[in-house]
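> What follows is a structure written as structure tokens; I'll ask about it next.
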Amino acid sequence: MCVKRKKLIKSLLKYSSFLAVLLFFFSCSPVKFVSDGEYLLNKSDVEVDNPKINKEEAKSYIRQKENYKILGFAKFHLWIYNLSSKKKTNGWLKRIGEPPQIYNETLTYRSKDQLKQFLNNKGYFNANVNTDVNFIDKKRKANVKYSIETGDQYTIKGINYHINDTALQTLFFKDTAVTHINSETPFDLFILENQRNEIVKLFRNNGYYYFSKENVSYLVDSTKFEKGVILDLYVGETNISADSSRAFNPYYLNNFYISILPGNMLLNDLQRGNDIFSDTVKWDNFTLYRNNQIKYNTSLFTRSMKMQHGQYYNLSDVENTFTIFNRLRQFRFIDIQFREPEIKSDSSLLDGFIRLAPLNKQSTAFEIEGTNTSGNLGIAGNINYMHRNIFKGAEVFQLNFRGAIERQHRFTENNTTEYFHTRELGIESTLNIPKLLGPGKYIKSFEKVLPQTLFTAGYNFQRRPEYTRTITNVRFGYEWMINERLKQTWTLFDLNKVRLYRFDPNFINVIKDLYIKSSFTDHFIMAMNYSFVYNTQTSNMNKNYTYLRFNIESAGNTLNVISKILNQSKIQPVDTLVSEPAGYYRFFNTRYAQYIKSDIEFRHGYEIDRYNSLVMRAFLGIGLPYGNFDVLPFEKKYFTGGANGIRAWQIRSLGPGTYKAQPGMYPNQSSDIKLEANFEYRFKLISILEGALFLDAGNIWAINGKDNRPGAQFEIDKFYKQIALGTGAGFRFDFSYFIFRLDLGVKLREPANSFNEGWIIGTRSYESHDFNFSFAIGYPF
């Protein structure tokens, strides 16, 4: 009996802290600040009998909603508010919390009217909206339910066009994009408004500078059909006044005046006149006002301007010109306006005025950051120098110096801990030229948007526990954007000379019989790659967005052709385990790699409300070595784990497949295939603090049959059984200019453990190596 009592007491003590937290959380009454006779709005919901109506869209028309929740049930911010004192009207807890939403009958009726109007705008003219308010007197809470019965949707039975101007009429019917409304199209004001915007855009792209939405109107007749309407579309007016007639006259572009403001001058300072400029340059139909502080060559503006003298005014060309000036990374303010010339030789001319306020020509930045690799802490520093106009053509030159040191540890054969400092030193220079050089200049399609030529050169020194590595890199290519969301990069050649030396004997002893041994030899890479990135994400990280990146890279083919043309002799390998018996070619006395590699990454962010969001990510990558080097170079292999991968594992400590590295070895697992998926739920807590719950899954595998690491091979009928699974929670500290992140990952399924298919829960007790703590800068994805 005493033994049972001791166990009971021990269990109670074990969970007492958890129970205390729960008791504290629920101890504060949610109606603490709800006055007598009032009710806390506990729930506000919408029910719709029509699947065509988006329920979340309908909810946006409700004028009063319940307090926000996190984790789907906890009104955390209301709880924070209720912790405050009634005596303090503006205490800290009140500022970071959320006051109770008091049920308001007037807002309920207003919400009902808003929903009815929303349905009418959708063409549901016979819709009914009923409200049901359930008062819970004992708890002083109220639940509100809006029930929607839409009825049948009205459709457009016919459309009549009224366009008096012959030129406008010809333009309108020539462009099918603005005539997408036809018979039996649902009557929807949102569709009509979209067509209205398309009509305005059509005419403003064809010279009609003064044309606006006010010049497009609709008239609806619902008397002729029971559940249908006749739509009349009017472009223009029957009686046109002298002032409004400008909207129906096309305008041509005349002269362009470009002003480069000196120093920190604002755009309004231009009212002082042209005395603020030290230099005036005229060419063709351009006039450039500039100063001695920052001078730009005139050819920059000739290339950047998508508007041309003598052409019709085109709104899309104006927007493209603005985007190009913005992408130059030269100006803090950009302003484009148009006016009719003061001396009117022709009433259909417009002069363009482009006003630009430049950023500082040169800048230097110092950065210090903490690092955490597999639980080993360190510090890194960067010195960045930037010159924004080095050759007076908006060329951006950047020079970066990086240094890092990290204290690492590993276990020796004698079960003792050995400490080692990993060091990294590097320098990289980049020159970004806003025009095409080399073969790219002959591809005319590039010139539709601002193309950029990129030159990069760098050197990196790394001293690791297993080896010392140096990488010399030279890269040349192009970057261009089709629109503000789609960026493409084409690297013509990416040269890397990799040298490894000062190997740790224990590391060599571990890999000496493995196929991956040749990954850790000197090699040369001459690669070409192409990538595109589609990104709808803006600077506001909490909005809905989609991100898609695709990359494909090929290396060694050109060198292989050259080697065969020159009839070079192959070097015969010493170790047939890691090299082809037929031998290999060398370039600059170094064996060169030959492979093809491609990967794709998809992310989607969804904002539930101002306090909650979901982010999902999927990644698939495959690299195939062949020919002159039958293994992927180490730096081109895939790995997982760590702060931005499967967070329950240390970086490079998972896989490939079911392979398990020797105990005590520094994590260094990598391979040819990577499959990974991540799901993260983020919620705001207080002030700068955010919380997160996450679930990660994936692994890496070998694609080459020569890889002799046990369990490393990818097999179509087994790979899904080798998916690692981890979960965890974390905090994010949002300091506006950067986000500091802490994550604690917990293993759920470990592929290297064959017992019970790797599942840990229900199989064994959790141990320290089943947890992984990491910190990083920025979100993981």
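Every chain in the structure tokens takes a letter, A first, then B, and so on in the order presented; its residues are numbered from 1, and the ligands are numbered from 1 following the presented order.
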Quick one: everything within 8 Å of range 584-596 of chain A, counting only C-alpha atoms, minus sequence neighbours fewer than 5 positions away in the same chain. Send it as a PyMOL selection string.
chain A and resi 522-526+552-557+559-560+563+568-573+623-630+632-633
> Store the residues picked out above, limited to N, CA and C atoms, as a PDB file, in the first residue's frame.

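Result written to part-v4.pdb:
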ATOM      1  N   ASP A 522      40.584  15.833 -54.994  1.00  0.00           N
ATOM      2  CA  ASP A 522      40.648  17.070 -55.780  1.00  0.00           C
ATOM      3  C   ASP A 522      39.843  16.891 -57.067  1.00  0.00           C
ATOM      4  N   HIS A 523      39.096  17.908 -57.446  1.00  0.00           N
ATOM      5  CA  HIS A 523      38.325  17.815 -58.672  1.00  0.00           C
ATOM      6  C   HIS A 523      38.045  19.204 -59.228  1.00  0.00           C
ATOM      7  N   PHE A 524      37.667  19.208 -60.496  1.00  0.00           N
ATOM      8  CA  PHE A 524      37.378  20.448 -61.206  1.00  0.00           C
ATOM      9  C   PHE A 524      35.954  20.344 -61.752  1.00  0.00           C
ATOM     10  N   ILE A 525      35.184  21.430 -61.629  1.00  0.00           N
ATOM     11  CA  ILE A 525      33.800  21.438 -62.108  1.00  0.00           C
ATOM     12  C   ILE A 525      33.637  22.596 -63.091  1.00  0.00           C
ATOM     13  N   MET A 526      33.168  22.263 -64.303  1.00  0.00           N
ATOM     14  CA  MET A 526      32.772  23.280 -65.264  1.00  0.00           C
ATOM     15  C   MET A 526      31.310  23.013 -65.608  1.00  0.00           C
ATOM     16  N   ILE A 552      18.198  23.255 -63.025  1.00  0.00           N
ATOM     17  CA  ILE A 552      18.831  22.130 -63.716  1.00  0.00           C
ATOM     18  C   ILE A 552      20.269  22.512 -64.034  1.00  0.00           C
ATOM     19  N   GLU A 553      21.170  21.571 -63.824  1.00  0.00           N
ATOM     20  CA  GLU A 553      22.600  21.847 -63.976  1.00  0.00           C
ATOM     21  C   GLU A 553      23.297  20.664 -64.636  1.00  0.00           C
ATOM     22  N   SER A 554      24.200  20.988 -65.518  1.00  0.00           N
ATOM     23  CA  SER A 554      24.984  19.969 -66.216  1.00  0.00           C
ATOM     24  C   SER A 554      26.453  20.357 -66.148  1.00  0.00           C
ATOM     25  N   ALA A 555      27.333  19.359 -65.972  1.00  0.00           N
ATOM     26  CA  ALA A 555      28.765  19.647 -65.837  1.00  0.00           C
ATOM     27  C   ALA A 555      29.594  18.601 -66.569  1.00  0.00           C
ATOM     28  N   GLY A 556      30.720  19.043 -67.116  1.00  0.00           N
ATOM     29  CA  GLY A 556      31.732  18.152 -67.656  1.00  0.00           C
ATOM     30  C   GLY A 556      31.581  17.773 -69.105  1.00  0.00           C
ATOM     31  N   ASN A 557      30.449  18.046 -69.727  1.00  0.00           N
ATOM     32  CA  ASN A 557      30.233  17.594 -71.105  1.00  0.00           C
ATOM     33  C   ASN A 557      31.143  18.322 -72.103  1.00  0.00           C
ATOM     34  N   LEU A 559      34.049  19.774 -71.468  1.00  0.00           N
ATOM     35  CA  LEU A 559      35.428  19.331 -71.249  1.00  0.00           C
ATOM     36  C   LEU A 559      35.645  17.930 -71.800  1.00  0.00           C
ATOM     37  N   ASN A 560      34.614  17.095 -71.704  1.00  0.00           N
ATOM     38  CA  ASN A 560      34.745  15.741 -72.216  1.00  0.00           C
ATOM     39  C   ASN A 560      34.909  15.739 -73.733  1.00  0.00           C
ATOM     40  N   SER A 563      38.396  16.952 -74.526  1.00  0.00           N
ATOM     41  CA  SER A 563      39.392  15.916 -74.241  1.00  0.00           C
ATOM     42  C   SER A 563      39.474  14.907 -75.378  1.00  0.00           C
ATOM     43  N   GLN A 568      43.319  13.263 -75.731  1.00  0.00           N
ATOM     44  CA  GLN A 568      44.067  13.171 -74.483  1.00  0.00           C
ATOM     45  C   GLN A 568      44.094  11.727 -73.984  1.00  0.00           C
ATOM     46  N   SER A 569      45.148  11.408 -73.279  1.00  0.00           N
ATOM     47  CA  SER A 569      45.280  10.073 -72.685  1.00  0.00           C
ATOM     48  C   SER A 569      44.565  10.042 -71.340  1.00  0.00           C
ATOM     49  N   LYS A 570      43.898   8.926 -71.067  1.00  0.00           N
ATOM     50  CA  LYS A 570      43.212   8.776 -69.799  1.00  0.00           C
ATOM     51  C   LYS A 570      44.174   8.347 -68.704  1.00  0.00           C
ATOM     52  N   ILE A 571      43.910   8.838 -67.504  1.00  0.00           N
ATOM     53  CA  ILE A 571      44.689   8.428 -66.342  1.00  0.00           C
ATOM     54  C   ILE A 571      44.060   7.162 -65.784  1.00  0.00           C
ATOM     55  N   GLN A 572      44.880   6.142 -65.607  1.00  0.00           N
ATOM     56  CA  GLN A 572      44.359   4.890 -65.087  1.00  0.00           C
ATOM     57  C   GLN A 572      44.245   4.954 -63.563  1.00  0.00           C
ATOM     58  N   PRO A 573      43.096   4.576 -63.021  1.00  0.00           N
ATOM     59  CA  PRO A 573      42.880   4.674 -61.568  1.00  0.00           C
ATOM     60  C   PRO A 573      43.694   3.638 -60.816  1.00  0.00           C
ATOM     61  N   GLY A 623      20.556  13.957 -58.511  1.00  0.00           N
ATOM     62  CA  GLY A 623      21.823  14.181 -59.191  1.00  0.00           C
ATOM     63  C   GLY A 623      22.374  12.871 -59.720  1.00  0.00           C
ATOM     64  N   LEU A 624      22.763  12.861 -61.010  1.00  0.00           N
ATOM     65  CA  LEU A 624      23.229  11.620 -61.637  1.00  0.00           C
ATOM     66  C   LEU A 624      24.651  11.797 -62.150  1.00  0.00           C
ATOM     67  N   PRO A 625      25.649  11.176 -61.513  1.00  0.00           N
ATOM     68  CA  PRO A 625      27.024  11.242 -62.019  1.00  0.00           C
ATOM     69  C   PRO A 625      27.235  10.218 -63.133  1.00  0.00           C
ATOM     70  N   TYR A 626      28.126  10.516 -64.053  1.00  0.00           N
ATOM     71  CA  TYR A 626      28.413   9.575 -65.140  1.00  0.00           C
ATOM     72  C   TYR A 626      29.742   9.965 -65.778  1.00  0.00           C
ATOM     73  N   GLY A 627      30.177   9.141 -66.719  1.00  0.00           N
ATOM     74  CA  GLY A 627      31.336   9.471 -67.535  1.00  0.00           C
ATOM     75  C   GLY A 627      32.626   9.598 -66.757  1.00  0.00           C
ATOM     76  N   ASN A 628      33.204  10.774 -66.757  1.00  0.00           N
ATOM     77  CA  ASN A 628      34.557  10.977 -66.260  1.00  0.00           C
ATOM     78  C   ASN A 628      34.677  10.908 -64.741  1.00  0.00           C
ATOM     79  N   PHE A 629      33.560  11.063 -64.039  1.00  0.00           N
ATOM     80  CA  PHE A 629      33.603  11.068 -62.566  1.00  0.00           C
ATOM     81  C   PHE A 629      32.319  10.399 -62.090  1.00  0.00           C
ATOM     82  N   ASP A 630      32.410   9.143 -61.662  1.00  0.00           N
ATOM     83  CA  ASP A 630      31.210   8.361 -61.418  1.00  0.00           C
ATOM     84  C   ASP A 630      30.632   8.553 -60.023  1.00  0.00           C
ATOM     85  N   LEU A 632      29.020  12.001 -57.504  1.00  0.00           N
ATOM     86  CA  LEU A 632      28.787  13.442 -57.395  1.00  0.00           C
ATOM     87  C   LEU A 632      29.841  14.068 -56.492  1.00  0.00           C
ATOM     88  N   PRO A 633      30.399  15.207 -56.873  1.00  0.00           N
ATOM     89  CA  PRO A 633      31.299  15.912 -55.957  1.00  0.00           C
ATOM     90  C   PRO A 633      30.594  16.191 -54.631  1.00  0.00           C
TER      91      PRO A 633
END
> Skip range 337-350 of chain A itself and residues of its chain fewer than 4 positions away, then list as a list in words all residues within 7 Å of it, counting only C-alpha atoms.
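Once the nearby chain positions are removed, what remains is Pro250, Tyr251, Tyr252, Leu253, Asn254 and Ile354 of chain A.
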> Show me, as number ranges by chain, the residues that have an atom within 7 Å of Leu261 in chain A when counting only C-alpha atoms, minus same-chain residues fewer than 5 positions from it.
A: 356-358
> Pull N, CA and C atoms from the residues just selected and write them as a PDB file, in the first residue's frame.

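Output below, filename out.pdb:
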ATOM      1  N   LEU A 356      14.309  61.009 -60.298  1.00  0.00           N
ATOM      2  CA  LEU A 356      14.997  59.924 -59.609  1.00  0.00           C
ATOM      3  C   LEU A 356      15.838  60.465 -58.468  1.00  0.00           C
ATOM      4  N   ALA A 357      15.702  59.863 -57.297  1.00  0.00           N
ATOM      5  CA  ALA A 357      16.515  60.229 -56.135  1.00  0.00           C
ATOM      6  C   ALA A 357      17.445  59.065 -55.824  1.00  0.00           C
ATOM      7  N   PRO A 358      18.752  59.194 -56.064  1.00  0.00           N
ATOM      8  CA  PRO A 358      19.666  58.049 -55.931  1.00  0.00           C
ATOM      9  C   PRO A 358      19.982  57.694 -54.486  1.00  0.00           C
TER      10      PRO A 358
END
> Rank nothing, just name the residue among A:Phe391, A:Phe401, A:Tyr478, A:Phe634 nearest to Lys517 in chain A, using only C-alpha atoms.
A:Phe634
> From the DSSP assignment of the backbone, select every residue of range 619-693 of chain A that is strand (DSSP E or B), and format the answer as a PyMOL selection string.
chain A and resi 619-626+629+638+671+673-684+689-693
> Please provide as a list of chain:residue names all residues within 7 Å of Thr155 in chain A, with the sequence filter that same-chain residues fewer than 4 positions apart are discarded (counting only C-alpha atoms).
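Within the cut-off, the hits are A:Glu184, A:Thr185, A:Pro186, A:Phe187, A:Lys227, A:Gly228, A:Val229.
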> Which residues of range 181-262 of chain A come within 6 Å of range 314-317 of chain A, and for each one, what is the closest pair of atoms and their distance in Å to one decimal, counting only C-alpha atoms, sorted by chain and residue number, as a tab-separated table?

residue	atom	partner	partner_atom	distance
A:Arg204	CA	A:Leu315	CA	5.7
A:Asn205	CA	A:Asn314	CA	4.0
A:Asn206	CA	A:Asn314	CA	5.7
A:Gly207	CA	A:Asn314	CA	5.9
> Using only C-alpha atoms, determine which residues lie at most 9 Å from range 305-307 of chain A, disregarding the query and same-chain residues fewer than 6 positions distant; provide the list as a list of chain:residue names.
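Selected residues are A:Leu253, A:Tyr313, A:Asn314, A:Asp317, A:Val318, A:Asn320, A:Thr321, A:Phe322, A:Ile324, A:Phe325, A:Lys448, A:Val449.
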